[in-house]
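The structure file query-v4.pdb is reproduced below (PDB, C-alpha atoms).
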ATOM      1  CA  LYS P  49      44.896  30.697  58.838  1.00  0.00           C
ATOM      2  CA  GLN P  50      41.459  29.351  59.656  1.00  0.00           C
ATOM      3  CA  GLU P  51      39.277  31.584  61.805  1.00  0.00           C
ATOM      4  CA  VAL P  52      35.878  30.609  63.173  1.00  0.00           C
ATOM      5  CA  THR P  53      33.506  33.372  64.219  1.00  0.00           C
ATOM      6  CA  GLN P  54      30.146  33.192  65.939  1.00  0.00           C
ATOM      7  CA  ILE P  55      27.660  36.021  65.950  1.00  0.00           C
ATOM      8  CA  PRO P  56      25.989  37.107  68.125  1.00  0.00           C
ATOM      9  CA  ALA P  57      28.041  36.501  71.259  1.00  0.00           C
ATOM     10  CA  ALA P  58      24.871  36.485  73.347  1.00  0.00           C
ATOM     11  CA  LEU P  59      21.177  36.180  72.636  1.00  0.00           C
ATOM     12  CA  SER P  60      18.065  36.382  74.781  1.00  0.00           C
ATOM     13  CA  VAL P  61      14.644  35.350  73.472  1.00  0.00           C
ATOM     14  CA  PRO P  62      11.240  34.627  74.995  1.00  0.00           C
ATOM     15  CA  GLU P  63      10.085  31.050  75.101  1.00  0.00           C
ATOM     16  CA  GLY P  64       8.510  29.880  71.866  1.00  0.00           C
ATOM     17  CA  GLU P  65      10.560  32.020  69.525  1.00  0.00           C
ATOM     18  CA  ASN P  66      12.859  30.443  66.982  1.00  0.00           C
ATOM     19  CA  LEU P  67      16.609  30.756  67.539  1.00  0.00           C
ATOM     20  CA  VAL P  68      19.061  31.504  64.751  1.00  0.00           C
ATOM     21  CA  LEU P  69      22.758  31.120  65.513  1.00  0.00           C
ATOM     22  CA  ASN P  70      25.463  31.945  63.003  1.00  0.00           C
ATOM     23  CA  CYS P  71      28.927  30.557  62.433  1.00  0.00           C
ATOM     24  CA  SER P  72      31.423  31.661  59.786  1.00  0.00           C
ATOM     25  CA  PHE P  73      34.820  30.272  58.846  1.00  0.00           C
ATOM     26  CA  THR P  74      37.498  31.685  56.587  1.00  0.00           C
ATOM     27  CA  ASP P  75      38.941  28.538  54.983  1.00  0.00           C
ATOM     28  CA  SER P  76      36.440  26.382  53.095  1.00  0.00           C
ATOM     29  CA  ALA P  77      38.775  23.350  53.130  1.00  0.00           C
ATOM     30  CA  ILE P  78      37.037  21.595  56.000  1.00  0.00           C
ATOM     31  CA  TYR P  79      36.123  17.963  56.567  1.00  0.00           C
ATOM     32  CA  ASN P  80      32.960  18.698  58.513  1.00  0.00           C
ATOM     33  CA  LEU P  81      31.334  21.168  60.889  1.00  0.00           C
ATOM     34  CA  GLN P  82      29.785  20.385  64.233  1.00  0.00           C
ATOM     35  CA  TRP P  83      27.485  22.239  66.553  1.00  0.00           C
ATOM     36  CA  PHE P  84      27.895  21.662  70.284  1.00  0.00           C
ATOM     37  CA  ARG P  85      26.008  22.691  73.371  1.00  0.00           C
ATOM     38  CA  GLN P  86      27.791  23.526  76.614  1.00  0.00           C
ATOM     39  CA  ASP P  87      26.043  23.856  79.954  1.00  0.00           C
ATOM     40  CA  PRO P  88      27.797  25.614  82.867  1.00  0.00           C
ATOM     41  CA  GLY P  89      30.350  23.365  84.546  1.00  0.00           C
ATOM     42  CA  LYS P  90      29.816  20.588  82.047  1.00  0.00           C
ATOM     43  CA  GLY P  91      31.534  19.317  78.949  1.00  0.00           C
ATOM     44  CA  LEU P  92      30.372  19.621  75.392  1.00  0.00           C
ATOM     45  CA  THR P  93      27.425  17.760  73.943  1.00  0.00           C
ATOM     46  CA  SER P  94      27.416  17.307  70.196  1.00  0.00           C
ATOM     47  CA  LEU P  95      24.159  18.369  68.586  1.00  0.00           C
ATOM     48  CA  LEU P  96      24.686  17.977  64.850  1.00  0.00           C
ATOM     49  CA  LEU P  97      27.538  17.077  62.519  1.00  0.00           C
ATOM     50  CA  ILE P  98      27.424  18.180  58.886  1.00  0.00           C
ATOM     51  CA  GLN P  99      29.835  16.601  56.439  1.00  0.00           C
ATOM     52  CA  SER P 100      31.499  18.953  53.984  1.00  0.00           C
ATOM     53  CA  SER P 101      29.474  17.413  51.140  1.00  0.00           C
ATOM     54  CA  GLN P 102      26.148  17.995  52.901  1.00  0.00           C
ATOM     55  CA  ARG P 103      23.962  21.082  52.921  1.00  0.00           C
ATOM     56  CA  GLU P 104      22.016  20.467  56.117  1.00  0.00           C
ATOM     57  CA  GLN P 105      21.275  18.147  58.996  1.00  0.00           C
ATOM     58  CA  THR P 106      18.171  17.906  61.140  1.00  0.00           C
ATOM     59  CA  SER P 107      17.496  16.453  64.561  1.00  0.00           C
ATOM     60  CA  GLY P 108      14.157  17.123  66.193  1.00  0.00           C
ATOM     61  CA  ARG P 109      13.767  20.870  66.667  1.00  0.00           C
ATOM     62  CA  LEU P 110      17.321  21.489  65.467  1.00  0.00           C
ATOM     63  CA  ASN P 111      18.358  22.169  61.906  1.00  0.00           C
ATOM     64  CA  ALA P 112      21.839  23.120  60.773  1.00  0.00           C
ATOM     65  CA  SER P 113      22.791  24.311  57.321  1.00  0.00           C
ATOM     66  CA  LEU P 114      26.214  24.508  55.724  1.00  0.00           C
ATOM     67  CA  ASP P 115      27.328  26.677  52.819  1.00  0.00           C
ATOM     68  CA  LYS P 116      30.958  25.727  52.453  1.00  0.00           C
ATOM     69  CA  SER P 117      31.656  28.036  49.531  1.00  0.00           C
ATOM     70  CA  SER P 118      30.633  31.104  51.513  1.00  0.00           C
ATOM     71  CA  GLY P 119      32.068  29.791  54.784  1.00  0.00           C
ATOM     72  CA  ARG P 120      28.825  29.848  56.729  1.00  0.00           C
ATOM     73  CA  SER P 121      26.720  27.603  58.893  1.00  0.00           C
ATOM     74  CA  THR P 122      23.484  28.395  60.672  1.00  0.00           C
ATOM     75  CA  LEU P 123      21.857  26.537  63.537  1.00  0.00           C
ATOM     76  CA  TYR P 124      18.088  26.909  63.822  1.00  0.00           C
ATOM     77  CA  ILE P 125      16.286  25.890  66.983  1.00  0.00           C
ATOM     78  CA  ALA P 126      12.532  25.890  66.559  1.00  0.00           C
ATOM     79  CA  ALA P 127      10.080  26.841  69.302  1.00  0.00           C
ATOM     80  CA  SER P 128      12.723  27.548  71.932  1.00  0.00           C
ATOM     81  CA  GLN P 129      12.306  26.354  75.511  1.00  0.00           C
ATOM     82  CA  PRO P 130      13.967  27.493  78.759  1.00  0.00           C
ATOM     83  CA  GLY P 131      15.894  24.207  78.704  1.00  0.00           C
ATOM     84  CA  ASP P 132      17.609  25.394  75.523  1.00  0.00           C
ATOM     85  CA  SER P 133      19.492  28.000  77.560  1.00  0.00           C
ATOM     86  CA  ALA P 134      23.181  27.195  77.150  1.00  0.00           C
ATOM     87  CA  THR P 135      26.252  28.213  75.184  1.00  0.00           C
ATOM     88  CA  TYR P 136      26.312  26.942  71.617  1.00  0.00           C
ATOM     89  CA  LEU P 137      29.651  26.366  69.897  1.00  0.00           C
ATOM     90  CA  CYS P 138      30.428  25.577  66.315  1.00  0.00           C
ATOM     91  CA  ALA P 139      33.612  23.785  65.349  1.00  0.00           C
ATOM     92  CA  VAL P 140      35.224  22.946  62.032  1.00  0.00           C
ATOM     93  CA  ARG P 141      37.275  19.827  61.538  1.00  0.00           C
ATOM     94  CA  ARG P 142      40.498  20.848  59.897  1.00  0.00           C
ATOM     95  CA  ASP P 143      42.493  17.708  59.262  1.00  0.00           C
ATOM     96  CA  SER P 144      42.518  13.951  58.853  1.00  0.00           C
ATOM     97  CA  TRP P 145      43.111  13.433  62.579  1.00  0.00           C
ATOM     98  CA  GLY P 146      39.814  14.999  63.553  1.00  0.00           C
ATOM     99  CA  LYS P 147      41.262  18.117  65.178  1.00  0.00           C
ATOM    100  CA  LEU P 148      38.538  20.703  65.808  1.00  0.00           C
ATOM    101  CA  GLN P 149      38.773  24.483  65.700  1.00  0.00           C
ATOM    102  CA  PHE P 150      36.064  26.205  67.700  1.00  0.00           C
ATOM    103  CA  GLY P 151      34.255  29.495  67.558  1.00  0.00           C
ATOM    104  CA  ALA P 152      33.911  31.538  70.738  1.00  0.00           C
ATOM    105  CA  GLY P 153      30.278  30.513  71.165  1.00  0.00           C
ATOM    106  CA  THR P 154      26.874  32.143  71.467  1.00  0.00           C
ATOM    107  CA  GLN P 155      25.370  32.311  74.947  1.00  0.00           C
ATOM    108  CA  VAL P 156      21.615  31.771  74.706  1.00  0.00           C
ATOM    109  CA  VAL P 157      19.019  32.590  77.346  1.00  0.00           C
ATOM    110  CA  VAL P 158      15.406  31.575  76.778  1.00  0.00           C
ATOM    111  CA  THR P 159      13.083  33.338  79.186  1.00  0.00           C
ATOM    112  CA  PRO P 160       9.798  31.731  80.307  1.00  0.00           C
TER     113      PRO P 160
ATOM    114  CA  GLY F 250      32.937   3.368  80.963  1.00  0.00           C
ATOM    115  CA  ALA F 251      29.805   5.107  79.867  1.00  0.00           C
ATOM    116  CA  GLY F 252      31.536   8.344  78.996  1.00  0.00           C
ATOM    117  CA  VAL F 253      34.799  10.239  79.082  1.00  0.00           C
ATOM    118  CA  SER F 254      35.927  10.731  82.656  1.00  0.00           C
ATOM    119  CA  GLN F 255      38.294  13.460  83.807  1.00  0.00           C
ATOM    120  CA  SER F 256      39.888  13.941  87.192  1.00  0.00           C
ATOM    121  CA  PRO F 257      40.126  15.948  89.259  1.00  0.00           C
ATOM    122  CA  SER F 258      37.118  18.074  88.390  1.00  0.00           C
ATOM    123  CA  ASN F 259      38.732  21.046  90.095  1.00  0.00           C
ATOM    124  CA  LYS F 260      42.356  21.750  90.931  1.00  0.00           C
ATOM    125  CA  VAL F 261      43.748  24.729  92.766  1.00  0.00           C
ATOM    126  CA  THR F 262      47.513  25.060  92.830  1.00  0.00           C
ATOM    127  CA  GLU F 263      50.175  27.594  93.599  1.00  0.00           C
ATOM    128  CA  LYS F 264      52.254  29.240  90.934  1.00  0.00           C
ATOM    129  CA  GLY F 265      55.358  27.199  90.220  1.00  0.00           C
ATOM    130  CA  LYS F 266      53.906  23.824  91.203  1.00  0.00           C
ATOM    131  CA  ASP F 267      53.467  20.909  88.812  1.00  0.00           C
ATOM    132  CA  VAL F 268      50.002  19.468  88.131  1.00  0.00           C
ATOM    133  CA  GLU F 269      48.716  16.311  86.472  1.00  0.00           C
ATOM    134  CA  LEU F 270      45.318  16.054  84.834  1.00  0.00           C
ATOM    135  CA  ARG F 271      43.847  12.676  83.981  1.00  0.00           C
ATOM    136  CA  CYS F 272      41.533  11.528  81.219  1.00  0.00           C
ATOM    137  CA  ASP F 273      39.823   8.141  80.937  1.00  0.00           C
ATOM    138  CA  PRO F 274      38.391   7.798  77.429  1.00  0.00           C
ATOM    139  CA  ILE F 275      35.459   5.683  76.358  1.00  0.00           C
ATOM    140  CA  SER F 276      36.513   2.052  76.151  1.00  0.00           C
ATOM    141  CA  GLY F 277      37.595   1.113  72.640  1.00  0.00           C
ATOM    142  CA  HIS F 278      38.222   4.680  71.506  1.00  0.00           C
ATOM    143  CA  THR F 279      41.639   4.848  69.898  1.00  0.00           C
ATOM    144  CA  ALA F 280      41.756   8.611  69.382  1.00  0.00           C
ATOM    145  CA  LEU F 281      42.099  11.051  72.273  1.00  0.00           C
ATOM    146  CA  TYR F 282      42.259  14.840  72.247  1.00  0.00           C
ATOM    147  CA  TRP F 283      43.079  17.510  74.808  1.00  0.00           C
ATOM    148  CA  TYR F 284      41.638  21.015  74.503  1.00  0.00           C
ATOM    149  CA  ARG F 285      41.885  24.066  76.726  1.00  0.00           C
ATOM    150  CA  GLN F 286      39.100  26.562  77.330  1.00  0.00           C
ATOM    151  CA  SER F 287      40.111  29.918  78.760  1.00  0.00           C
ATOM    152  CA  LEU F 288      38.334  33.260  78.973  1.00  0.00           C
ATOM    153  CA  GLY F 289      40.625  35.098  76.641  1.00  0.00           C
ATOM    154  CA  GLN F 290      41.303  32.382  74.063  1.00  0.00           C
ATOM    155  CA  GLY F 291      38.140  30.335  73.801  1.00  0.00           C
ATOM    156  CA  LEU F 292      38.477  26.597  73.216  1.00  0.00           C
ATOM    157  CA  GLU F 293      41.843  25.579  71.755  1.00  0.00           C
ATOM    158  CA  PHE F 294      43.299  22.279  70.605  1.00  0.00           C
ATOM    159  CA  LEU F 295      46.345  21.082  72.532  1.00  0.00           C
ATOM    160  CA  ILE F 296      47.309  17.562  71.475  1.00  0.00           C
ATOM    161  CA  TYR F 297      45.977  14.470  69.695  1.00  0.00           C
ATOM    162  CA  PHE F 298      46.749  10.815  70.400  1.00  0.00           C
ATOM    163  CA  GLN F 299      46.163   7.832  68.146  1.00  0.00           C
ATOM    164  CA  GLY F 300      46.812   4.845  70.356  1.00  0.00           C
ATOM    165  CA  ASN F 301      49.829   5.759  72.465  1.00  0.00           C
ATOM    166  CA  SER F 302      51.376   7.996  69.806  1.00  0.00           C
ATOM    167  CA  ALA F 303      50.892  11.747  69.519  1.00  0.00           C
ATOM    168  CA  PRO F 304      51.108  12.671  65.842  1.00  0.00           C
ATOM    169  CA  ASP F 305      49.925  16.214  66.525  1.00  0.00           C
ATOM    170  CA  LYS F 306      51.276  18.200  69.468  1.00  0.00           C
ATOM    171  CA  SER F 307      50.999  21.519  67.680  1.00  0.00           C
ATOM    172  CA  GLY F 308      48.680  23.118  70.238  1.00  0.00           C
ATOM    173  CA  LEU F 309      50.855  22.675  73.319  1.00  0.00           C
ATOM    174  CA  PRO F 310      51.609  26.286  74.314  1.00  0.00           C
ATOM    175  CA  SER F 311      55.088  25.751  75.781  1.00  0.00           C
ATOM    176  CA  ASP F 312      57.561  23.074  76.789  1.00  0.00           C
ATOM    177  CA  ARG F 313      56.074  23.183  80.289  1.00  0.00           C
ATOM    178  CA  PHE F 314      53.162  21.198  78.866  1.00  0.00           C
ATOM    179  CA  SER F 315      53.462  17.501  78.126  1.00  0.00           C
ATOM    180  CA  ALA F 316      51.092  14.584  77.751  1.00  0.00           C
ATOM    181  CA  GLU F 317      51.279  10.861  77.541  1.00  0.00           C
ATOM    182  CA  ARG F 318      48.929   7.996  76.946  1.00  0.00           C
ATOM    183  CA  THR F 319      49.464   4.467  78.148  1.00  0.00           C
ATOM    184  CA  GLY F 320      47.875   1.183  77.124  1.00  0.00           C
ATOM    185  CA  GLY F 321      45.914   2.999  74.464  1.00  0.00           C
ATOM    186  CA  SER F 322      43.640   4.214  77.207  1.00  0.00           C
ATOM    187  CA  VAL F 323      44.316   6.653  80.049  1.00  0.00           C
ATOM    188  CA  SER F 324      46.021   9.937  79.242  1.00  0.00           C
ATOM    189  CA  THR F 325      47.760  12.375  81.560  1.00  0.00           C
ATOM    190  CA  LEU F 326      48.391  16.034  80.792  1.00  0.00           C
ATOM    191  CA  THR F 327      51.206  17.462  82.889  1.00  0.00           C
ATOM    192  CA  ILE F 328      51.893  21.135  83.381  1.00  0.00           C
ATOM    193  CA  GLN F 329      55.205  21.955  85.016  1.00  0.00           C
ATOM    194  CA  ARG F 330      55.963  25.159  86.904  1.00  0.00           C
ATOM    195  CA  THR F 331      52.411  26.393  86.541  1.00  0.00           C
ATOM    196  CA  GLN F 332      51.763  30.032  85.735  1.00  0.00           C
ATOM    197  CA  GLN F 333      48.628  32.098  86.317  1.00  0.00           C
ATOM    198  CA  GLU F 334      47.928  32.142  82.575  1.00  0.00           C
ATOM    199  CA  ASP F 335      47.565  28.351  82.722  1.00  0.00           C
ATOM    200  CA  SER F 336      44.288  28.818  84.603  1.00  0.00           C
ATOM    201  CA  ALA F 337      41.587  27.365  82.378  1.00  0.00           C
ATOM    202  CA  VAL F 338      39.267  24.418  81.905  1.00  0.00           C
ATOM    203  CA  TYR F 339      41.070  21.478  80.334  1.00  0.00           C
ATOM    204  CA  LEU F 340      38.783  19.251  78.275  1.00  0.00           C
ATOM    205  CA  CYS F 341      39.472  15.771  77.020  1.00  0.00           C
ATOM    206  CA  ALA F 342      37.625  14.071  74.172  1.00  0.00           C
ATOM    207  CA  SER F 343      37.791  10.612  72.676  1.00  0.00           C
ATOM    208  CA  SER F 344      36.775   9.151  69.356  1.00  0.00           C
ATOM    209  CA  LEU F 345      36.673   5.783  67.612  1.00  0.00           C
ATOM    210  CA  GLY F 346      39.407   7.139  65.370  1.00  0.00           C
ATOM    211  CA  THR F 347      37.456   6.500  62.188  1.00  0.00           C
ATOM    212  CA  GLU F 348      35.358   8.744  59.981  1.00  0.00           C
ATOM    213  CA  PRO F 349      33.717  11.064  60.834  1.00  0.00           C
ATOM    214  CA  PHE F 350      35.886  11.274  64.005  1.00  0.00           C
ATOM    215  CA  PHE F 351      32.904  12.105  66.175  1.00  0.00           C
ATOM    216  CA  GLN F 352      34.284  13.290  69.516  1.00  0.00           C
ATOM    217  CA  TYR F 353      32.797  12.706  72.952  1.00  0.00           C
ATOM    218  CA  PHE F 354      33.845  15.197  75.591  1.00  0.00           C
ATOM    219  CA  GLY F 355      34.452  14.859  79.300  1.00  0.00           C
ATOM    220  CA  ALA F 356      33.245  17.427  81.828  1.00  0.00           C
ATOM    221  CA  GLY F 357      36.704  18.957  82.110  1.00  0.00           C
ATOM    222  CA  THR F 358      39.165  19.873  84.846  1.00  0.00           C
ATOM    223  CA  ARG F 359      39.029  23.450  86.068  1.00  0.00           C
ATOM    224  CA  LEU F 360      42.574  24.527  86.939  1.00  0.00           C
ATOM    225  CA  SER F 361      43.147  27.618  89.038  1.00  0.00           C
ATOM    226  CA  VAL F 362      46.710  28.818  89.550  1.00  0.00           C
ATOM    227  CA  LEU F 363      47.065  31.235  92.445  1.00  0.00           C
TER     228      LEU F 363
END
Using the file provided, produce a representation of the structure as structure tokens.
Amino acid sequence: KQEVTQIPAALSVPEGENLVLNCSFTDSAIYNLQWFRQDPGKGLTSLLLIQSSQREQTSGRLNASLDKSSGRSTLYIAASQPGDSATYLCAVRRDSWGKLQFGAGTQVVVTP
Amino acid sequence: GAGVSQSPSNKVTEKGKDVELRCDPISGHTALYWYRQSLGQGLEFLIYFQGNSAPDKSGLPSDRFSAERTGGSVSTLTIQRTQQEDSAVYLCASSLGTEPFFQYFGAGTRLSVL
């Protein structure tokens, strides 16, 4: 049974520091992995999608890596800003329909 | 529309009542998903639609939960005889239904069962 784990559950950093968020999954048979951002009272915003054949994806200050064989993904956010404060969720796509299985999330607070 | 729309945004109901939650996907998106986000269980898959068919209902927690989709567009999630454990945020997502099945999420419906 696939399990998706995110560590740490919560993280607080001063503005300007780099953020490192971890996601692990137990079954390497995935189609892709996505990182989402969730703001209070709002839906999910997709940040990055990494196909199972890829090692990393970059978008602006965000970089996500994927090591499928070890069941790990890491999201790096460079030079954090207070606007980066949110909950970050990783999700693995498990089947041909696109069904996603989510981790519990990491709640991030960036202090000015 | 510009994005996935869900209504109502908040719903408070009494235990034992039936509720209907609505999702309007992005126009042209053939795939539609329902997920549930609760404090104890995180974000869980409920059901997937391709067009009006639901090839995967494996996440529906009990037979009190049902969903339908009409015209390949709007979907309704119905919960009968609501229980307190049904309290959660119900999220809908839609996708073009082609690789890589990128999903766009609505803001969710927060259901509170008293």
Within 8 Å of range 310-326 of chain F, counting all atoms listed in the file, which residues show up once you throw out same-chain ones fewer than 6 positions away? Write them as a VMD selection string, please. chain F and resid 269 to 274 276 278 to 279 295 to 296 298 to 302
Residues selected by the PyMOL selection byres ((chain P) within 6 of (chain F)), written as a PDB file with C-alpha atoms, in the frame of the given file:
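Result file follows (out.pdb):
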ATOM      1  CA  LYS P  90      29.816  20.588  82.047  1.00  0.00           C
ATOM      2  CA  GLY P  91      31.534  19.317  78.949  1.00  0.00           C
ATOM      3  CA  LEU P  92      30.372  19.621  75.392  1.00  0.00           C
ATOM      4  CA  GLY P 146      39.814  14.999  63.553  1.00  0.00           C
ATOM      5  CA  ALA P 152      33.911  31.538  70.738  1.00  0.00           C
TER       6      ALA P 152
END
Under the PyMOL selection byres ((chain P and resi 63) around 12), which residues of this model are included? Write them out as number ranges by chain. P: 60-62, 64-67, 125-133, 156-160
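Here CA of Ile328 in chain F is placed at a distance of 9.8 Å from CA of Gly265 in chain F.
The space between CA of Asn259 in chain F and CA of Ala337 in chain F spans 10.4 Å.
Take the candidates P:Tyr79, P:Arg85, P:Cys138, P:Gln149 and check each one against Ser121 in chain P using only C-alpha atoms; the shortest distance goes to P:Cys138.
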Please evaluate the PyMOL selection byres ((chain P and resi 154) around 6) against the structure above and give the resulting residues as a PyMOL selection string. chain P and resi 57-58+135-136+153+155
If I take CA of Ser307 in chain F and CA of Arg285 in chain F, how far is one from the other in Å, to one decimal? 13.1 Å
Selection: 7 Å around Ser100 in chain P, all atoms listed in the file, excl. self and same-chain fewer than 6 positions, as a list of chain:residue names: P:Ile78, P:Tyr79, P:Asn80, P:Lys116
